[in-house]
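Engineer: I'd like to ask you about the structure that follows.
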Protein chains: 4
Amino acid sequence: MAGNTFGSLFRLTTFGESHGPALGGVIDGCPGGIELSQSLIQADLDMRRPGQGGLGVTARQEADRVRILSGVFEGRTTGTSIGFLIENTDQRSHDYSTIQDIFRPGHGDFTYEAKYGQRDYRGGGRASGRETVSRVVGGAVAGVFLQTLGIGVQAATVELGGLAGQKLDFDGAKERPFFAADPDMVGPWQDEMLKVADAGDTLGGIVELRASGVPAGLGEPVFDKLDARLAAAIMSVGAVKGVEIGAGFAAARSLGSINNDALNAQGFRSNNAGGILAGISSGQEIIVRAAVKPIPSIALEQLSMSRLGQEVSLQIGGRHDICAIPRIVPVLVAMVRLVLADMVLLQRRMGSSR
Amino acid sequence: MAGNTFGSLFRLTTFGESHGPALGGVIDGCPGGIELSQSLIQADLDMRRPGQGGLGVTARQEADRVRILSGVFEGRTTGTSIGFLIENTDQRSHDYSTIQDIFRPGHGDFTYEAKYGQRDYRGGGRASGRETVSRVVGGAVAGVFLQTLGIGVQAATVELGGLAGQKLDFDGAKERPFFAADPDMVGPWQDEMLKVADAGDTLGGIVELRASGVPAGLGEPVFDKLDARLAAAIMSVGAVKGVEIGAGFAAARSLGSINNDALNAQGFRSNNAGGILAGISSGQEIIVRAAVKPIPSIALEQLSMSRLGQEVSLQIGGRHDICAIPRIVPVLVAMVRLVLADMVLLQRRMGSSR
Amino acid sequence: MAGNTFGSLFRLTTFGESHGPALGGVIDGCPGGIELSQSLIQADLDMRRPGQGGLGVTARQEADRVRILSGVFEGRTTGTSIGFLIENTDQRSHDYSTIQDIFRPGHGDFTYEAKYGQRDYRGGGRASGRETVSRVVGGAVAGVFLQTLGIGVQAATVELGGLAGQKLDFDGAKERPFFAADPDMVGPWQDEMLKVADAGDTLGGIVELRASGVPAGLGEPVFDKLDARLAAAIMSVGAVKGVEIGAGFAAARSLGSINNDALNAQGFRSNNAGGILAGISSGQEIIVRAAVKPIPSIALEQLSMSRLGQEVSLQIGGRHDICAIPRIVPVLVAMVRLVLADMVLLQRRMGSSR
Amino acid sequence: MAGNTFGSLFRLTTFGESHGPALGGVIDGCPGGIELSQSLIQADLDMRRPGQGGLGVTARQEADRVRILSGVFEGRTTGTSIGFLIENTDQRSHDYSTIQDIFRPGHGDFTYEAKYGQRDYRGGGRASGRETVSRVVGGAVAGVFLQTLGIGVQAATVELGGLAGQKLDFDGAKERPFFAADPDMVGPWQDEMLKVADAGDTLGGIVELRASGVPAGLGEPVFDKLDARLAAAIMSVGAVKGVEIGAGFAAARSLGSINNDALNAQGFRSNNAGGILAGISSGQEIIVRAAVKPIPSIALEQLSMSRLGQEVSLQIGGRHDICAIPRIVPVLVAMVRLVLADMVLLQRRMGSSR
């Protein structure tokens, strides 16, 4: 209820600040009997690390080693809660005096202070993107569970800095810089990144996610529709400012005759609905898009306010990330997996008793 | 958990099908001591009725009279649960033989059948837009509670059939056809509606919502961010396929230096964030946009599948709505109110103990 | 969260005050495809009425007719939420001036006032035992669901006014006054009732509940143990002040060698555990006992406090119930059913994936 | 939902098996700004260790050092989630061959196997009493929060092996063997312990808990009554088989005129209700009693069943605990604290808006 738990049956509860001793969490509700190894989870976690998915990422070098502490016995889940831990190894003493008493624009400094009357000013504390390591671990476990059911989630970047690609190659995206959906965009995006970096600025982009193998029938009407849960999951990730399902905003500009997905004896003939009708999965591919804003920490000087309410000029030193895109992609995948794992469990007990 | 409850502390639980005897619900968690009259709620419900907000709405004439059954004593809420009921008065026997065994494209027929192994085929059952009457009642009570705190929610249509307006007049929108944000768009939208209606087709649009008076500090990190909750709330409404906060998808095409909302001694100088930073309200206006798809019931002949898996041709007779827009606007307002009421209560107990 | 919802997957949300226009609720999570008729639920509701289970019950004559408003189509549940309503027909204007400003001892008057700063003083409002009609309806639906799985719940009174019986005949109890477990106790209990009634006093008793056909494996460790959920369910009923599972308090006075239920090839050889080990059902009969306090409304003059903090003498006029026992029995049955239905659904999705 | 989370606003989620690498959890919802030191929590944890509270406790020597990993900054809670960890240091390789394929009577072996189709057979796994270390940590944090509000929880053993004391000295109990409420019972209980130990048997007892400083108004009608929540909390602790509030089972044998707590201008004149009326705290002391069964691991030979369904004779070797009592007392205190912290937060936002 205080926001650190996600899901209803397949549940992830997390803790940890960017500069505290460790981050971690508890996965509750994962069915027993599933093969689960630490190395498998580690592989997912490594996808989120700097250097993966190409340029534009943080200089911070965390090993991010996950330890599974419970819920697994003889290589399989037992059905009890799975605790996990990621120690923060890069805890050099830093100088936070520049930002301790200043609200950085675009960050949660002002709002956390307003909410709690205080804040952990070291690197964003709980509001830091670093909390997403726990999401990735939770999502990895959800992914292993989904895999036993033949459900897979993929993601690719379809737009960066306003430059949209044409091709949608999800299989190859995993290996490409930026997780680019279109191989032809890697070059232009790298050029754009360098240009923006030189200008001391940052940029954003759009990520598309696809879930395949999802059976028809997932999603709980009225309020826990599958699309509602996905929207919440995606929007809960720090930099996301927009979510679309299927045709999304384009549907608002379409006609019923075009937007409706007709059926024939073989099933649906198009997928403007993004695999969800009336909040319930149709058995088609689930399609979700997320709008990711530019990283708020820019090298350029900015106008801001101090904790005492005075106008101040702020320049954030050090190396900077230019775009959240490569690192956020595995996080978005994790969130979609967590939603699907939860909805699968919810549906498992909802089937007709007949 | 089975989807018919919304909210954590300020909670709405609903029931009812489009062609059952009645719809209604339970509002739980509304603080005691708040002046609440049935007529006030009725006024909100009347906003959702056909004829309100202009053209393009259903021919069905439900009186939609709400009865408050508990939780109010001597004109004020008591703090206990508020039960309410709306009887379905328009229950003439209909002929459903056309659609009983056919999955209508764009509707939940196929997915409900997949989920439950059966469905109430009369007018969509629980998947019908008619369930939103209960949301409006819940939202009306939430609105009264929010009003005691100086919080108000407004909505206006900013785009219809791909035609976007320029002006944003929320105060006037309430009185205008389509709840149009721009008075100059009423004419063009009416023309577009007639044209599309003549073609046997339907269209969609975009609604913008604004919440003012929202104190800084609402929203629970990490997973129950205010924007995550709003996204779920908006996306849970039937026809919605996309949600944006503040600059939304445009933020993905912007630069950090532009998208960041700078501050000075007077506070924020812009509002690309839509009043939410790191998932917590900043005290600025909350800005949300919803993409509404075209109504799936079109007059044109469509290709579909029967329950037996055969290809069939479907033509839905009778009068048709052309656009969900006017009727959906009060529903979206209700959802934003429900989220804010819930987050206000959550924050009320999270304040610092110092 | 505000207390009017029970259960996690099989959920009951209720509303209604003793002297408001109606009571009712929403049952959410009942699987689809289950045969459900209004008359079946009505039969359960009739068990709770005065005149059932013998002497000592209220003079109030409510017809208590339940209306099912949704979630049932063509005689079967659809899987969507089931709304129901019971109109209060006995709403004669009463004179509450005696109790309006006085806190009745043993009642919730003082605590409701403390909690909400006000209260619906007509007959106890939400704190009245009348709210249990909604529990009985919810429990009836749960009972129908459980029956499809071969699970049944029975109850009988094992002690009244300190007079304990020896026999445990659950099948016959349903037909006997007081739902007496021991037919030989009906006479002595009737005598005791009359004696206490003559003295202007009231009395309590102990009810035992048994659930049979419960499969092994229900209950969620660590905090949602089956016994924990049962204890909460039973203790949530107004007059209950104690709960035991199996041997209960007697186990605290026993030895491990005696209290342990040994097993052989045929299974458990005794049932001191009451069918629950480590919070999970063992497949044996579930055994629960509830201690019911004497009804607080006595004819005798009592010392109390007014809302203004003055000492007052209070004498409650009119006819009085002597014991909650007969009316509370169907309510306790309903609560056990609601718990079991919920735990069945929880377990259904927790099964091993192997 | 899968049972490893306790509470609604002040929440504890735990993980860990008796013989896994570590135990721990996440405390979510603790208000910010509260002074919290690791040593304070450690002190509570030390209360649960062998050697505390006298005889009859396990030979296992775990240091049980807690590490707080998040949610505390500069000595105060920040309002974000508090992660904590207790490493299992006593992980010598054991020989479990005796019990690996046998269901120990009175333990969860049979039921865990039935639930999950497998189990972690090393020392009980998740069903082991060892999981309660996490409860104690959660309860310690809740206790610090409650202390800022003047609320305190005490516990004492009032009966052991059927031998009940007369005196109720809670202040002194903390220092006495068995946390004995009556100093005169320490001797008799020690004698009884030795006698039972010699016979290869075990015994149980009754613990009484008192919460003082609890304001009137805590508890949420109808289903989340304070007593219902307390009953669930207490019953969720492994060995507990019965719970009473106030007069408890004795109330069932009393008369209304005696059981009712009369009021005068100074307030309540007795406390048979145990500080709870209609599920809401009255401002009096909260009184709860728990019946603790004898420890199921006895030295005597027992009859049991193997996993293959064969009758077997079982003798559990090694040193044995004779009674759960001393170690369970701090756990019960923790549970009452967790309930009260949760109910305080729930009430904080429920107050009248007038």
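In the structure tokens, chains take letters A, B, ... by order of appearance, with residues numbered from 1 within each chain and ligands from 1 in the order shown.
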Taking only C-alpha atoms into account, which residues of chain A are within 9 Å of chain D, as a PyMOL selection string?
Structural biologist: chain A and resi 1-5+8-11+13-17+20-33+68-74+78-83+116-120+126
Engineer: Could you pull the residues within 10 Å of C:Ser254, counting only C-alpha atoms, minus those fewer than 4 positions along the same chain, as JSON, numbers by chain?
Structural biologist: {"C": [247, 249, 250, 258, 259, 260], "D": [160, 161, 162, 202, 203, 204, 205, 293, 294]}
Engineer: I want to know what sits within 7 Å of A:Phe103, based on only C-alpha atoms, with residues of the same chain fewer than 4 positions away left out; could you give that as a ChimeraX atom specification?
Structural biologist: /A:109-110,304-307
Engineer: Please save N, CA and C atoms of the selected residues as a compact mmCIF listing (two decimals), in the first residue's frame.
Structural biologist:
```txt
# COMPACT_ATOMS: atom_id res chain seq x y z
N ASP A 109 13.53 15.36 -6.20
CA ASP A 109 14.03 16.03 -4.98
C ASP A 109 12.93 16.85 -4.30
N PHE A 110 12.28 17.70 -5.10
CA PHE A 110 11.25 18.58 -4.55
C PHE A 110 10.07 17.78 -3.99
N SER A 304 17.07 26.78 -10.70
CA SER A 304 16.32 25.96 -9.74
C SER A 304 16.06 26.70 -8.43
N MET A 305 15.57 25.94 -7.47
CA MET A 305 15.20 26.51 -6.16
C MET A 305 15.94 25.74 -5.07
N SER A 306 16.37 26.47 -4.06
CA SER A 306 17.00 25.80 -2.93
C SER A 306 15.93 25.40 -1.92
N ARG A 307 16.34 24.56 -0.96
CA ARG A 307 15.38 24.14 0.07
C ARG A 307 14.83 25.31 0.86
```
Engineer: If I take atom CA of A:Arg210 and atom CA of A:Gly275, how far is one from the other in Å, to one decimal?
Structural biologist: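 Answer for the atom CA of A:Arg210 to atom CA of A:Gly275 separation: 9.7 Å.
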Engineer: One number please: atom CA of C:His320 to atom CA of C:Asp184, in Å, one decimal.
Structural biologist: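 Going from atom CA of C:His320 over to atom CA of C:Asp184, I get 25.9 Å.
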Engineer: What parts of stretch 37-138 of chain A does DSSP call helix (DSSP H, G or I)? I'd like the answer as a PyMOL selection string.
Structural biologist: chain A and resi 38-47+97-100+109-116+125-127+129-138
Engineer: Include N, CA and C atoms and write out the residues we just selected as a tab-separated table (two decimals), in the first residue's frame.
Structural biologist:
```tsv
chain	number	residue	atom	x	y	z
A	38	GLN	N	20.50	-19.15	-9.97
A	38	GLN	CA	20.97	-17.78	-9.76
A	38	GLN	C	21.59	-17.21	-11.04
A	39	SER	N	22.23	-18.06	-11.82
A	39	SER	CA	22.93	-17.57	-13.02
A	39	SER	C	21.94	-17.07	-14.05
A	40	LEU	N	20.78	-17.69	-14.09
A	40	LEU	CA	19.75	-17.27	-15.03
A	40	LEU	C	19.28	-15.85	-14.71
A	41	ILE	N	19.07	-15.61	-13.43
A	41	ILE	CA	18.64	-14.28	-12.99
A	41	ILE	C	19.76	-13.27	-13.22
A	42	GLN	N	20.97	-13.73	-12.95
A	42	GLN	CA	22.13	-12.85	-13.13
A	42	GLN	C	22.23	-12.39	-14.59
A	43	ALA	N	21.92	-13.29	-15.51
A	43	ALA	CA	22.01	-12.95	-16.93
A	43	ALA	C	21.07	-11.79	-17.26
A	44	ASP	N	19.87	-11.82	-16.68
A	44	ASP	CA	18.93	-10.72	-16.91
A	44	ASP	C	19.45	-9.42	-16.31
A	45	LEU	N	20.03	-9.56	-15.14
A	45	LEU	CA	20.55	-8.39	-14.45
A	45	LEU	C	21.69	-7.76	-15.25
A	46	ASP	N	22.46	-8.60	-15.89
A	46	ASP	CA	23.60	-8.10	-16.68
A	46	ASP	C	23.12	-7.31	-17.89
A	47	MET	N	21.93	-7.64	-18.39
A	47	MET	CA	21.34	-6.89	-19.52
A	47	MET	C	21.13	-5.43	-19.17
A	97	SER	N	27.37	18.04	-1.47
A	97	SER	CA	27.05	19.39	-1.00
A	97	SER	C	26.38	20.23	-2.09
A	98	THR	N	26.71	19.96	-3.37
A	98	THR	CA	26.08	20.73	-4.45
A	98	THR	C	24.57	20.53	-4.50
A	99	ILE	N	24.14	19.29	-4.30
A	99	ILE	CA	22.72	19.01	-4.51
A	99	ILE	C	21.93	18.80	-3.22
A	100	GLN	N	22.65	18.77	-2.09
A	100	GLN	CA	21.98	18.48	-0.82
A	100	GLN	C	20.83	19.43	-0.54
A	109	ASP	N	13.53	15.36	-6.20
A	109	ASP	CA	14.03	16.03	-4.98
A	109	ASP	C	12.93	16.85	-4.30
A	110	PHE	N	12.28	17.70	-5.10
A	110	PHE	CA	11.25	18.58	-4.55
A	110	PHE	C	10.07	17.78	-3.99
A	111	THR	N	9.64	16.79	-4.75
A	111	THR	CA	8.42	16.06	-4.35
A	111	THR	C	8.65	15.12	-3.17
A	112	TYR	N	9.83	14.50	-3.10
A	112	TYR	CA	10.14	13.66	-1.94
A	112	TYR	C	10.20	14.52	-0.67
A	113	GLU	N	10.82	15.65	-0.81
A	113	GLU	CA	10.89	16.58	0.33
A	113	GLU	C	9.49	16.99	0.77
A	114	ALA	N	8.63	17.25	-0.23
A	114	ALA	CA	7.26	17.65	0.09
A	114	ALA	C	6.50	16.51	0.75
A	115	LYS	N	6.77	15.30	0.31
A	115	LYS	CA	6.04	14.15	0.83
A	115	LYS	C	6.48	13.77	2.23
A	116	TYR	N	7.79	13.66	2.41
A	116	TYR	CA	8.30	13.10	3.66
A	116	TYR	C	8.89	14.13	4.61
A	125	GLY	N	18.41	8.55	-3.69
A	125	GLY	CA	17.84	7.66	-2.69
A	125	GLY	C	16.93	6.62	-3.31
A	126	ARG	N	15.73	6.53	-2.79
A	126	ARG	CA	14.77	5.54	-3.29
A	126	ARG	C	14.23	5.93	-4.67
A	127	ALA	N	14.32	7.23	-5.00
A	127	ALA	CA	13.80	7.70	-6.29
A	127	ALA	C	14.78	7.44	-7.42
A	129	GLY	N	17.02	5.61	-10.25
A	129	GLY	CA	16.77	4.50	-11.17
A	129	GLY	C	17.39	3.20	-10.68
A	130	ARG	N	18.27	3.32	-9.72
A	130	ARG	CA	18.93	2.13	-9.22
A	130	ARG	C	17.97	1.12	-8.60
A	131	GLU	N	16.82	1.58	-8.13
A	131	GLU	CA	15.84	0.65	-7.54
A	131	GLU	C	15.39	-0.40	-8.56
A	132	THR	N	15.58	-0.10	-9.85
A	132	THR	CA	15.08	-1.02	-10.87
A	132	THR	C	15.83	-2.35	-10.92
A	133	VAL	N	16.99	-2.44	-10.27
A	133	VAL	CA	17.66	-3.75	-10.23
A	133	VAL	C	16.75	-4.80	-9.60
A	134	SER	N	16.00	-4.38	-8.59
A	134	SER	CA	15.10	-5.32	-7.92
A	134	SER	C	13.95	-5.72	-8.84
A	135	ARG	N	13.49	-4.78	-9.65
A	135	ARG	CA	12.44	-5.11	-10.62
A	135	ARG	C	12.95	-6.16	-11.61
A	136	VAL	N	14.20	-5.98	-12.04
A	136	VAL	CA	14.75	-6.91	-13.03
A	136	VAL	C	14.86	-8.32	-12.44
A	137	VAL	N	15.25	-8.42	-11.18
A	137	VAL	CA	15.32	-9.74	-10.54
A	137	VAL	C	13.91	-10.36	-10.46
A	138	GLY	N	12.95	-9.56	-10.00
A	138	GLY	CA	11.57	-10.06	-9.94
A	138	GLY	C	11.07	-10.48	-11.31
```
Engineer: Just give me the gap between atom CA of D:Arg269 and atom CA of D:Gln284 in Å, one decimal is fine.
Structural biologist: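 Atom-to-atom, atom CA of D:Arg269 and atom CA of D:Gln284 are spaced 10.1 Å apart.
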Engineer: What are the DSSP strand (DSSP E) residues of stretch 230-325 of chain A, as an NGL selection string?
Structural biologist: :A and (240-245 or 263-264 or 267-268 or 276-277 or 280-281 or 286-292 or 302-306 or 311-314)
Engineer: So which residues touch stretch 331-336 of chain A within 7 Å, counting only C-alpha atoms, skipping near sequence neighbours fewer than 6 positions away, as an MDAnalysis selection string?
Structural biologist: chainID A and resid 132 135:136 139:140 153:155 230 233:234
Engineer: Can you spit out the residues from that selection as a PDB file, in the first residue's frame, using N, CA, C and O atoms?
Structural biologist:
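Generated file (out-v8.pdb):
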```pdb
ATOM      1  N   THR A 132      15.585  -0.095  -9.846  1.00  0.00           N
ATOM      2  CA  THR A 132      15.077  -1.024 -10.869  1.00  0.00           C
ATOM      3  C   THR A 132      15.832  -2.349 -10.917  1.00  0.00           C
ATOM      4  O   THR A 132      15.354  -3.297 -11.538  1.00  0.00           O
ATOM      5  N   ARG A 135      13.491  -4.779  -9.655  1.00  0.00           N
ATOM      6  CA  ARG A 135      12.438  -5.112 -10.618  1.00  0.00           C
ATOM      7  C   ARG A 135      12.947  -6.164 -11.611  1.00  0.00           C
ATOM      8  O   ARG A 135      12.220  -7.092 -11.985  1.00  0.00           O
ATOM      9  N   VAL A 136      14.197  -5.984 -12.038  1.00  0.00           N
ATOM     10  CA  VAL A 136      14.749  -6.913 -13.026  1.00  0.00           C
ATOM     11  C   VAL A 136      14.855  -8.324 -12.438  1.00  0.00           C
ATOM     12  O   VAL A 136      14.544  -9.306 -13.115  1.00  0.00           O
ATOM     13  N   GLY A 139      11.375  -9.659 -12.311  1.00  0.00           N
ATOM     14  CA  GLY A 139      10.943  -9.962 -13.669  1.00  0.00           C
ATOM     15  C   GLY A 139      11.617 -11.201 -14.230  1.00  0.00           C
ATOM     16  O   GLY A 139      11.013 -11.951 -15.009  1.00  0.00           O
ATOM     17  N   ALA A 140      12.847 -11.431 -13.819  1.00  0.00           N
ATOM     18  CA  ALA A 140      13.556 -12.624 -14.288  1.00  0.00           C
ATOM     19  C   ALA A 140      12.880 -13.893 -13.773  1.00  0.00           C
ATOM     20  O   ALA A 140      12.691 -14.861 -14.512  1.00  0.00           O
ATOM     21  N   VAL A 153       8.446 -12.461 -23.532  1.00  0.00           N
ATOM     22  CA  VAL A 153       8.325 -11.008 -23.679  1.00  0.00           C
ATOM     23  C   VAL A 153       9.588 -10.464 -24.335  1.00  0.00           C
ATOM     24  O   VAL A 153      10.697 -10.802 -23.919  1.00  0.00           O
ATOM     25  N   GLN A 154       9.409  -9.643 -25.357  1.00  0.00           N
ATOM     26  CA  GLN A 154      10.531  -9.014 -26.033  1.00  0.00           C
ATOM     27  C   GLN A 154      10.338  -7.507 -26.056  1.00  0.00           C
ATOM     28  O   GLN A 154       9.219  -7.014 -25.925  1.00  0.00           O
ATOM     29  N   ALA A 155      11.437  -6.800 -26.254  1.00  0.00           N
ATOM     30  CA  ALA A 155      11.346  -5.341 -26.315  1.00  0.00           C
ATOM     31  C   ALA A 155      12.364  -4.809 -27.288  1.00  0.00           C
ATOM     32  O   ALA A 155      13.414  -5.426 -27.513  1.00  0.00           O
ATOM     33  N   LEU A 230      -1.038  -3.293 -17.174  1.00  0.00           N
ATOM     34  CA  LEU A 230       0.177  -3.025 -17.942  1.00  0.00           C
ATOM     35  C   LEU A 230       0.509  -1.531 -17.907  1.00  0.00           C
ATOM     36  O   LEU A 230       1.673  -1.151 -17.752  1.00  0.00           O
ATOM     37  N   ALA A 233       2.041  -0.700 -14.643  1.00  0.00           N
ATOM     38  CA  ALA A 233       3.380  -1.285 -14.536  1.00  0.00           C
ATOM     39  C   ALA A 233       4.399  -0.448 -15.296  1.00  0.00           C
ATOM     40  O   ALA A 233       5.488  -0.133 -14.773  1.00  0.00           O
ATOM     41  N   ILE A 234       4.066  -0.096 -16.514  1.00  0.00           N
ATOM     42  CA  ILE A 234       4.984   0.650 -17.369  1.00  0.00           C
ATOM     43  C   ILE A 234       5.175   2.065 -16.820  1.00  0.00           C
ATOM     44  O   ILE A 234       6.299   2.578 -16.727  1.00  0.00           O
TER      45      ILE A 234
END
```
